[in-house]
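Asker: Structure file work32.cif (mmCIF, C-alpha atoms) is given on the next line.
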data_structure
loop_
_atom_site.label_atom_id
_atom_site.label_comp_id
_atom_site.auth_asym_id
_atom_site.auth_seq_id
_atom_site.Cartn_x
_atom_site.Cartn_y
_atom_site.Cartn_z
CA MET A 1 -32.48 26.44 -34.61
CA ASN A 2 -33.33 25.29 -31.08
CA PRO A 3 -34.24 28.53 -29.19
CA LEU A 4 -32.71 27.09 -26.02
CA ARG A 5 -29.38 26.45 -27.72
CA PRO A 6 -27.68 29.66 -26.49
CA VAL A 7 -28.90 28.96 -22.95
CA ILE A 8 -27.58 25.41 -22.94
CA LEU A 9 -24.25 26.42 -24.42
CA ALA A 10 -23.97 29.15 -21.79
CA ALA A 11 -24.56 26.45 -19.17
CA ALA A 12 -21.60 24.57 -20.62
CA ALA A 13 -19.36 27.35 -19.31
CA SER A 14 -21.07 27.59 -15.92
CA PRO A 15 -19.15 25.93 -13.04
CA ARG A 16 -22.34 25.91 -10.96
CA MET A 17 -24.32 24.08 -13.64
CA LYS A 18 -21.48 21.62 -14.07
CA ARG A 19 -21.48 20.83 -10.34
CA VAL A 20 -25.24 20.33 -10.31
CA ILE A 21 -25.47 18.22 -13.44
CA THR A 22 -22.41 16.05 -12.87
CA GLY A 23 -23.53 15.48 -9.27
CA THR A 24 -26.98 14.21 -10.27
CA PRO A 25 -27.26 10.40 -10.30
CA MET A 26 -29.96 10.46 -12.98
CA THR A 27 -27.55 12.20 -15.34
CA ALA A 28 -25.98 8.79 -16.04
CA GLU A 29 -28.97 7.77 -18.16
CA ILE A 30 -28.45 10.55 -20.69
CA VAL A 31 -24.66 10.39 -20.53
CA ARG A 32 -24.65 6.70 -21.48
CA ARG A 33 -26.83 7.49 -24.47
CA PHE A 34 -23.98 9.52 -25.98
CA VAL A 35 -20.87 8.33 -24.07
CA PRO A 36 -20.54 4.54 -23.79
CA GLY A 37 -18.07 4.54 -20.90
CA GLU A 38 -15.39 6.30 -18.93
CA SER A 39 -12.63 3.72 -19.48
CA ARG A 40 -11.10 1.74 -22.34
CA ALA A 41 -12.51 -1.41 -20.73
CA GLU A 42 -16.04 -0.02 -21.06
CA LEU A 43 -15.29 1.20 -24.57
CA ALA A 44 -14.03 -2.16 -25.89
CA PRO A 45 -17.39 -3.99 -26.31
CA VAL A 46 -18.87 -0.97 -28.07
CA VAL A 47 -15.96 -0.91 -30.51
CA ARG A 48 -16.43 -4.62 -31.22
CA ALA A 49 -20.16 -4.21 -31.80
CA LEU A 50 -19.79 -1.23 -34.13
CA LEU A 51 -17.05 -2.83 -36.23
CA GLY A 52 -19.00 -6.09 -36.26
CA SER A 53 -22.01 -4.28 -37.69
CA GLY A 54 -19.98 -3.07 -40.69
CA ARG A 55 -19.55 0.49 -39.44
CA LEU A 56 -16.29 2.40 -39.09
CA ILE A 57 -15.31 4.22 -35.90
CA SER A 58 -13.60 7.40 -34.73
CA VAL A 59 -12.81 7.31 -31.00
CA ASP A 60 -12.38 10.47 -28.95
CA PHE A 61 -10.87 10.50 -25.45
CA LEU A 62 -12.88 13.29 -23.90
CA GLY A 63 -11.09 16.34 -22.57
CA GLU A 64 -10.47 19.93 -23.61
CA ASN A 65 -9.01 23.26 -22.51
CA THR A 66 -6.11 21.68 -20.65
CA THR A 67 -3.95 24.22 -18.81
CA ASP A 68 -1.73 21.70 -17.02
CA ARG A 69 1.31 20.24 -18.79
CA ALA A 70 1.12 16.95 -16.88
CA ARG A 71 -2.52 16.51 -17.86
CA ALA A 72 -1.69 17.08 -21.51
CA GLU A 73 1.04 14.44 -21.30
CA ALA A 74 -1.39 12.04 -19.60
CA THR A 75 -3.82 12.58 -22.48
CA VAL A 76 -1.10 11.70 -24.99
CA ALA A 77 -0.30 8.54 -23.01
CA GLU A 78 -3.99 7.58 -23.02
CA TYR A 79 -4.17 8.01 -26.80
CA LEU A 80 -1.10 5.83 -27.30
CA SER A 81 -2.67 3.05 -25.22
CA LEU A 82 -6.00 3.53 -27.01
CA ILE A 83 -4.35 3.21 -30.42
CA ASN A 84 -2.65 -0.02 -29.34
CA GLU A 85 -5.99 -1.49 -28.29
CA LEU A 86 -7.82 -0.29 -31.41
CA ALA A 87 -5.10 -1.77 -33.62
CA ALA A 88 -5.70 -5.14 -31.99
CA ALA A 89 -9.48 -5.02 -32.51
CA ASP A 90 -11.03 -7.43 -34.99
CA ARG A 91 -11.85 -5.59 -38.20
CA PRO A 92 -14.05 -6.95 -40.97
CA PRO A 93 -12.20 -7.56 -44.25
CA ARG A 94 -12.26 -4.57 -46.60
CA PRO A 95 -10.78 -3.80 -50.03
CA ASP A 96 -7.23 -2.45 -49.96
CA ASP A 97 -8.35 0.99 -51.16
CA ALA A 98 -11.19 1.28 -48.64
CA ALA A 99 -11.24 3.74 -45.75
CA VAL A 100 -9.28 2.75 -42.66
CA PRO A 101 -11.92 1.31 -40.29
CA VAL A 102 -10.40 2.69 -37.09
CA GLU A 103 -9.60 6.33 -36.36
CA VAL A 104 -8.99 8.49 -33.30
CA SER A 105 -10.21 12.07 -32.97
CA VAL A 106 -8.05 14.52 -31.03
CA LYS A 107 -8.74 17.99 -29.64
CA LEU A 108 -5.57 20.06 -29.59
CA SER A 109 -6.75 21.94 -26.50
CA ALA A 110 -6.52 18.57 -24.71
CA LEU A 111 -2.92 18.20 -25.90
CA GLY A 112 -1.78 21.52 -24.45
CA GLN A 113 -2.75 24.14 -27.03
CA ALA A 114 -3.94 26.50 -24.27
CA LEU A 115 -0.80 26.16 -22.15
CA PRO A 116 0.85 29.54 -21.49
CA GLY A 117 3.72 30.50 -23.74
CA ASP A 118 4.39 27.85 -26.36
CA GLY A 119 1.12 25.92 -25.99
CA PRO A 120 0.44 25.61 -29.76
CA ALA A 121 3.94 24.20 -30.34
CA ILE A 122 3.53 21.74 -27.45
CA ALA A 123 0.19 20.59 -28.83
CA THR A 124 1.66 20.13 -32.30
CA ASP A 125 4.54 18.05 -30.91
CA ASN A 126 2.07 15.96 -28.91
CA LEU A 127 -0.07 15.48 -32.02
CA ARG A 128 3.00 14.30 -33.90
CA THR A 129 3.62 11.69 -31.18
CA VAL A 130 0.05 10.43 -31.56
CA CYS A 131 0.38 10.35 -35.36
CA ILE A 132 3.62 8.36 -35.23
CA LYS A 133 1.93 5.69 -33.12
CA ALA A 134 -1.15 5.73 -35.35
CA ALA A 135 0.94 5.29 -38.51
CA GLU A 136 2.65 2.26 -36.98
CA ALA A 137 -0.71 0.77 -35.99
CA GLY A 138 -2.64 1.44 -39.21
CA VAL A 139 -5.01 3.88 -37.50
CA TRP A 140 -6.11 7.27 -38.82
CA VAL A 141 -6.09 10.53 -36.85
CA THR A 142 -8.44 13.48 -37.28
CA VAL A 143 -7.98 16.78 -35.47
CA ASP A 144 -11.26 18.02 -34.02
CA ALA A 145 -12.48 21.59 -34.38
CA GLU A 146 -13.18 23.66 -31.28
CA ASP A 147 -14.37 27.24 -30.83
CA HIS A 148 -13.32 29.82 -33.41
CA THR A 149 -10.49 31.26 -31.29
CA THR A 150 -8.53 28.02 -31.83
CA THR A 151 -9.15 27.59 -35.56
CA ASP A 152 -6.01 29.30 -36.86
CA ALA A 153 -3.69 27.44 -34.47
CA THR A 154 -5.41 24.11 -35.13
CA LEU A 155 -5.21 24.39 -38.91
CA ALA A 156 -1.59 25.54 -38.63
CA ALA A 157 -0.79 22.31 -36.77
CA VAL A 158 -2.50 20.27 -39.48
CA ARG A 159 -0.54 22.10 -42.19
CA ALA A 160 2.72 21.49 -40.31
CA LEU A 161 2.16 17.73 -39.98
CA ARG A 162 0.50 16.83 -43.27
CA PRO A 163 3.78 16.57 -45.20
CA GLU A 164 4.78 13.83 -42.75
CA PHE A 165 1.29 12.33 -42.32
CA PRO A 166 -0.69 13.09 -45.50
CA TRP A 167 -3.69 11.11 -44.19
CA LEU A 168 -4.10 13.43 -41.16
CA GLY A 169 -7.69 14.64 -41.09
CA ALA A 170 -9.12 17.99 -40.02
CA VAL A 171 -12.59 19.17 -39.05
CA LEU A 172 -14.23 22.27 -40.51
CA GLN A 173 -17.47 23.79 -39.22
CA SER A 174 -19.98 25.19 -41.70
CA TYR A 175 -21.41 27.77 -39.32
CA LEU A 176 -18.17 29.77 -39.41
CA HIS A 177 -18.06 32.45 -42.12
CA ARG A 178 -14.48 31.49 -42.98
CA THR A 179 -15.12 27.81 -43.68
CA ARG A 180 -15.81 28.08 -47.40
CA ASP A 181 -12.29 29.44 -47.92
CA ASP A 182 -10.83 26.81 -45.59
CA CYS A 183 -12.56 24.08 -47.60
CA ALA A 184 -11.03 25.43 -50.80
CA GLU A 185 -7.57 25.35 -49.21
CA PHE A 186 -7.87 21.90 -47.67
CA ALA A 187 -9.66 20.06 -50.50
CA GLY A 188 -6.38 19.10 -52.15
CA SER A 189 -5.19 15.67 -53.19
CA GLY A 190 -5.16 13.14 -50.37
CA SER A 191 -6.69 15.45 -47.80
CA ARG A 192 -9.37 14.25 -45.41
CA ILE A 193 -11.89 16.82 -44.22
CA ARG A 194 -14.74 16.16 -41.81
CA LEU A 195 -17.43 18.76 -42.44
CA CYS A 196 -19.87 19.39 -39.59
CA LYS A 197 -22.29 22.20 -38.79
CA GLY A 198 -20.61 23.33 -35.56
CA ALA A 199 -21.51 22.94 -31.92
CA TYR A 200 -20.02 25.88 -30.00
CA ARG A 201 -21.54 29.19 -28.97
CA GLU A 202 -20.14 31.71 -31.46
CA PRO A 203 -20.84 35.43 -32.03
CA PRO A 204 -22.59 36.70 -35.18
CA ALA A 205 -19.38 38.37 -36.32
CA VAL A 206 -17.77 34.98 -37.01
CA ALA A 207 -20.64 32.51 -37.37
CA PHE A 208 -24.06 32.14 -38.95
CA GLN A 209 -26.80 32.12 -36.32
CA ARG A 210 -29.88 30.85 -38.18
CA ALA A 211 -30.29 27.14 -38.92
CA VAL A 212 -31.10 27.75 -42.58
CA GLU A 213 -27.92 29.80 -43.00
CA VAL A 214 -25.80 27.08 -41.41
CA SER A 215 -27.35 24.42 -43.68
CA ASP A 216 -26.89 26.57 -46.78
CA SER A 217 -23.25 27.10 -45.84
CA TYR A 218 -22.88 23.35 -45.31
CA LEU A 219 -24.10 22.69 -48.85
CA ARG A 220 -21.74 25.29 -50.34
CA CYS A 221 -18.78 23.88 -48.42
CA LEU A 222 -19.68 20.28 -49.24
CA GLU A 223 -19.85 21.08 -52.93
CA ILE A 224 -16.28 22.40 -52.77
CA LEU A 225 -15.09 19.25 -51.02
CA MET A 226 -16.95 16.89 -53.35
CA HIS A 227 -15.44 18.59 -56.42
CA GLY A 228 -11.98 18.67 -54.84
CA CYS A 229 -9.32 15.98 -54.86
CA GLY A 230 -9.56 14.95 -51.21
CA TYR A 231 -11.73 12.58 -49.18
CA PRO A 232 -14.86 14.31 -47.80
CA MET A 233 -16.25 13.07 -44.49
CA VAL A 234 -19.90 14.12 -44.29
CA ALA A 235 -20.62 14.56 -40.59
CA THR A 236 -24.34 15.28 -40.28
CA HIS A 237 -27.56 13.70 -39.06
CA ASP A 238 -29.70 16.01 -41.19
CA PRO A 239 -31.62 13.80 -43.68
CA ALA A 240 -31.64 16.57 -46.29
CA LEU A 241 -27.85 16.96 -46.11
CA VAL A 242 -27.28 13.20 -46.18
CA SER A 243 -29.32 13.01 -49.39
CA ALA A 244 -27.52 16.03 -50.81
CA ALA A 245 -24.17 14.36 -50.17
CA GLU A 246 -25.23 11.31 -52.17
CA ARG A 247 -26.42 13.53 -55.03
CA MET A 248 -23.25 15.66 -55.04
CA ALA A 249 -21.06 12.56 -54.98
CA ALA A 250 -22.82 11.19 -58.06
CA GLU A 251 -22.62 14.54 -59.86
CA SER A 252 -18.89 14.84 -59.15
CA GLY A 253 -18.19 11.27 -60.28
CA ARG A 254 -17.24 9.95 -56.85
CA GLY A 255 -17.65 6.25 -56.19
CA THR A 256 -19.15 4.85 -52.99
CA GLY A 257 -15.76 4.50 -51.31
CA GLU A 258 -14.52 7.99 -52.19
CA PHE A 259 -16.29 9.74 -49.34
CA GLU A 260 -17.91 8.69 -46.09
CA HIS A 261 -20.83 9.50 -43.83
CA GLN A 262 -20.25 10.20 -40.15
CA MET A 263 -22.68 10.32 -37.23
CA LEU A 264 -22.43 10.43 -33.46
CA TYR A 265 -22.72 7.43 -31.19
CA GLY A 266 -26.27 7.30 -29.88
CA VAL A 267 -27.84 9.33 -32.68
CA ARG A 268 -29.89 7.91 -35.61
CA GLU A 269 -28.78 4.32 -35.08
CA ALA A 270 -31.22 2.95 -37.66
CA GLU A 271 -29.95 5.37 -40.30
CA GLN A 272 -26.36 4.44 -39.54
CA LEU A 273 -27.16 0.78 -40.08
CA ARG A 274 -29.11 1.55 -43.27
CA LEU A 275 -26.19 3.44 -44.79
CA ALA A 276 -23.68 0.77 -43.79
CA GLY A 277 -25.97 -1.96 -45.12
CA ALA A 278 -26.22 -0.15 -48.44
CA GLY A 279 -22.43 -0.30 -48.77
CA HIS A 280 -21.63 3.30 -47.80
CA PRO A 281 -18.66 3.90 -45.50
CA MET A 282 -20.42 4.94 -42.27
CA ARG A 283 -18.18 6.10 -39.42
CA VAL A 284 -19.46 6.51 -35.86
CA TYR A 285 -17.88 9.11 -33.58
CA VAL A 286 -17.46 7.37 -30.21
CA PRO A 287 -16.38 9.43 -27.18
CA TYR A 288 -15.29 7.99 -23.84
CA GLY A 289 -13.80 9.27 -20.60
CA ASP A 290 -14.96 11.04 -17.45
CA ASP A 291 -14.61 14.60 -18.79
CA TRP A 292 -17.94 14.39 -20.59
CA TYR A 293 -19.72 17.55 -19.43
CA GLY A 294 -18.81 19.86 -22.33
CA TYR A 295 -19.57 17.15 -24.88
CA LEU A 296 -22.93 16.38 -23.27
CA THR A 297 -24.11 19.99 -23.21
CA ARG A 298 -23.26 20.44 -26.90
CA ARG A 299 -25.31 17.34 -27.74
CA LEU A 300 -28.24 18.69 -25.71
CA ALA A 301 -28.01 22.01 -27.54
CA GLU A 302 -28.22 20.40 -30.97
CA ARG A 303 -31.71 18.90 -30.69
CA PRO A 304 -34.70 19.74 -28.46
CA ALA A 305 -35.46 16.01 -28.18
CA ASN A 306 -32.11 15.46 -26.46
CA LEU A 307 -32.90 18.19 -23.94
CA ALA A 308 -36.38 16.79 -23.25
CA PHE A 309 -34.89 13.35 -22.60
CA PHE A 310 -32.40 14.86 -20.15
CA LEU A 311 -35.00 16.93 -18.30
CA ARG A 312 -37.19 13.86 -17.87
CA ALA A 313 -34.23 12.07 -16.30
CA LEU A 314 -33.65 14.99 -13.95
CA ALA A 315 -37.35 15.14 -13.05
CA ALA A 316 -37.16 11.51 -11.94
CA GLY A 317 -34.78 12.49 -9.15
CA PRO A 318 -36.08 15.74 -7.61
CA ASP A 319 -34.16 15.26 -4.38
CA GLN A 320 -30.90 15.45 -6.32
CA THR A 321 -31.89 18.45 -8.46
CA SER A 322 -33.24 20.97 -5.97
CA GLY A 323 -30.29 23.23 -6.73
CA LEU A 324 -30.83 23.21 -10.50
CA PRO A 325 -31.53 26.74 -11.79
CA SER A 326 -34.68 27.08 -13.86
CA LEU A 327 -34.34 27.46 -17.64
CA ARG A 328 -36.20 30.78 -17.34
CA ARG A 329 -33.59 32.06 -14.88
CA LEU A 330 -30.75 30.78 -17.07
CA ARG A 331 -32.24 32.44 -20.16
CA LYS A 332 -32.61 35.75 -18.33
CA SER A 333 -29.08 35.66 -16.93
CA HIS A 334 -27.50 35.00 -20.35
CA ARG A 335 -29.36 37.52 -22.51
#
As structure tokens, how would this structure be written, given the file I've shared?

Answerer:
Amino acid sequence: MNPLRPVILAAAASPRMKRVITGTPMTAEIVRRFVPGESRAELAPVVRALLGSGRLISVDFLGENTTDRARAEATVAEYLSLINELAAADRPPRPDDAAVPVEVSVKLSALGQALPGDGPAIATDNLRTVCIKAAEAGVWVTVDAEDHTTTDATLAAVRALRPEFPWLGAVLQSYLHRTRDDCAEFAGSGSRIRLCKGAYREPPAVAFQRAVEVSDSYLRCLEILMHGCGYPMVATHDPALVSAAERMAAESGRGTGEFEHQMLYGVREAEQLRLAGAGHPMRVYVPYGDDWYGYLTRRLAERPANLAFFLRALAAGPDQTSGLPSLRRLRKSHR
């Protein structure tokens, strides 16, 4: 695992680091690698290009940890407008039983889950509003995972709405110790589960810390999903896990259209195109919006190459980065 990962994830929670990084003009270069735009207008050509290439999409309006009711309602309104626009997008013809090409991903903390008092109930009601619009438009919805403190409330919301929207997807993170049991519960008929490794800073009491442990857990969880009755969504860029998914699918008797691969926008583009060209459902997670800081830092923490790219961009503008704390100082302050 990237030794700088804990440092970078600690920076994600640092207001000072956020001010420095978001105020640096050269940051735009790395942001655009992972976030194609801040508005639906900037998002639209990316959606057209991805769908035109034979890939599927899952669009996320960036935002999390909302503690303002009006902001949560504004996020719902943005999702409703987004779904309208995605429904109108040209989609390549697909068999009737194929995966829905267009999906939105939603973080419940952006819909009000952290509001004082009845935040989880507010978020669930807001999710229902988004699902109603999505059902009318022929768009899927998947509920994103966040840090472990939200897992119980998030899965409770999914349980509450699945009788009404059986296609509602959920995300499970293999680095959490609990995820094997969650996979067993949610691998039922018709369920959609996106399995990822996990991108938040979690304590050893609840999450595996070593990369090999996280990958081993991923394989155990994926085996449960592949032998279940649902629709596994294999969200990984790890070549070994991509190959393992193909092998497990064959062993469990799944056809090509009975599971899908998922990768992030801006990561392993050639592999995405290879999978799509080979006839595999390949969905790209596409974020947009101006609240990109938390998303960016998690992407930097995942791979050293991402961090190196970002530091080169910062080094190109030293006048703008004189206030940036050194990585050595950050590491020392977060031991």

Asker: Find, counting only C-alpha atoms, the residue in A:Lys107, A:His237, A:Arg91, A:Arg69 that gets nearest to Arg55 in chain A.

Answerer: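 For Arg55 in chain A, the nearest of the candidates is A:Arg91.
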
Asker: Have a look at CA of Gly138 in chain A and CA of Ala87 in chain A and let me know their distance in Å, one decimal.

Answerer: 6.9 Å

Asker: What would the list of residues within 9 Å of (-9.1, 15.6, -53.1) (file frame) look like as a compact mmCIF listing (two decimals) with C-alpha atoms, in the coordinates of the input, if all atoms listed in the file are what count?

Answerer:
# COMPACT_ATOMS: atom_id res chain seq x y z
CA PHE A 186 -7.87 21.90 -47.67
CA ALA A 187 -9.66 20.06 -50.50
CA GLY A 188 -6.38 19.10 -52.15
CA SER A 189 -5.19 15.67 -53.19
CA GLY A 190 -5.16 13.14 -50.37
CA SER A 191 -6.69 15.45 -47.80
CA ARG A 192 -9.37 14.25 -45.41
CA LEU A 225 -15.09 19.25 -51.02
CA MET A 226 -16.95 16.89 -53.35
CA HIS A 227 -15.44 18.59 -56.42
CA GLY A 228 -11.98 18.67 -54.84
CA CYS A 229 -9.32 15.98 -54.86
CA GLY A 230 -9.56 14.95 -51.21
CA TYR A 231 -11.73 12.58 -49.18
CA PRO A 232 -14.86 14.31 -47.80

Asker: May I ask which of the residues A:Thr149, A:Met282, A:Ala240, A:Val59 is the closest one to Glu260 in chain A, counting all atoms listed in the file?

Answerer: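 Once distances to Glu260 in chain A are computed over all atoms listed in the file, the minimum belongs to A:Met282.
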
Asker: Suppose a student applies the PyMOL selection byres ((chain A and resi 72) around 10) to this structure; what residues should they get, written as a PyMOL selection string?

Answerer: chain A and resi 63-71+73-78+108-113+115+122-123+126

Asker: Next, the residues of the selection above should be written as an mmCIF file, keeping the file's coordinate frame with C-alpha atoms.

Answerer:
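Wrote it out as out.cif, contents follow:
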data_model
loop_
_atom_site.group_PDB
_atom_site.id
_atom_site.type_symbol
_atom_site.label_atom_id
_atom_site.label_comp_id
_atom_site.auth_asym_id
_atom_site.auth_seq_id
_atom_site.Cartn_x
_atom_site.Cartn_y
_atom_site.Cartn_z
ATOM 1 C CA GLY A 63 -11.090 16.340 -22.570
ATOM 2 C CA GLU A 64 -10.470 19.930 -23.610
ATOM 3 C CA ASN A 65 -9.010 23.260 -22.510
ATOM 4 C CA THR A 66 -6.110 21.680 -20.650
ATOM 5 C CA THR A 67 -3.950 24.220 -18.810
ATOM 6 C CA ASP A 68 -1.730 21.700 -17.020
ATOM 7 C CA ARG A 69 1.310 20.240 -18.790
ATOM 8 C CA ALA A 70 1.120 16.950 -16.880
ATOM 9 C CA ARG A 71 -2.520 16.510 -17.860
ATOM 10 C CA GLU A 73 1.040 14.440 -21.300
ATOM 11 C CA ALA A 74 -1.390 12.040 -19.600
ATOM 12 C CA THR A 75 -3.820 12.580 -22.480
ATOM 13 C CA VAL A 76 -1.100 11.700 -24.990
ATOM 14 C CA ALA A 77 -0.300 8.540 -23.010
ATOM 15 C CA GLU A 78 -3.990 7.580 -23.020
ATOM 16 C CA LEU A 108 -5.570 20.060 -29.590
ATOM 17 C CA SER A 109 -6.750 21.940 -26.500
ATOM 18 C CA ALA A 110 -6.520 18.570 -24.710
ATOM 19 C CA LEU A 111 -2.920 18.200 -25.900
ATOM 20 C CA GLY A 112 -1.780 21.520 -24.450
ATOM 21 C CA GLN A 113 -2.750 24.140 -27.030
ATOM 22 C CA LEU A 115 -0.800 26.160 -22.150
ATOM 23 C CA ILE A 122 3.530 21.740 -27.450
ATOM 24 C CA ALA A 123 0.190 20.590 -28.830
ATOM 25 C CA ASN A 126 2.070 15.960 -28.910
#

Asker: Check the smallest atom-to-atom distance from each of A:His280, A:Lys133, A:Arg201, A:Arg32 to Leu56 in chain A using only C-alpha atoms, then report the winner.

Answerer: A:His280

Asker: Can you tell me which residues surround Gln209 in chain A at a distance of at most 12 Å, considering only C-alpha atoms, apart from same-chain residues fewer than 2 positions away, and format the answer as a list in words?

Answerer: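 The residues satisfying every condition are Met1, Asn2, Pro3, Arg5, Pro6, Ser174, Tyr175, Leu176, His177, Lys197, Gly198, Ala199, Tyr200, Arg201, Glu202, Pro203, Pro204, Ala205, Val206, Ala207, Ala211, Val212, Glu213, Val214, Ser215, Asp216 and Ser217 of chain A.
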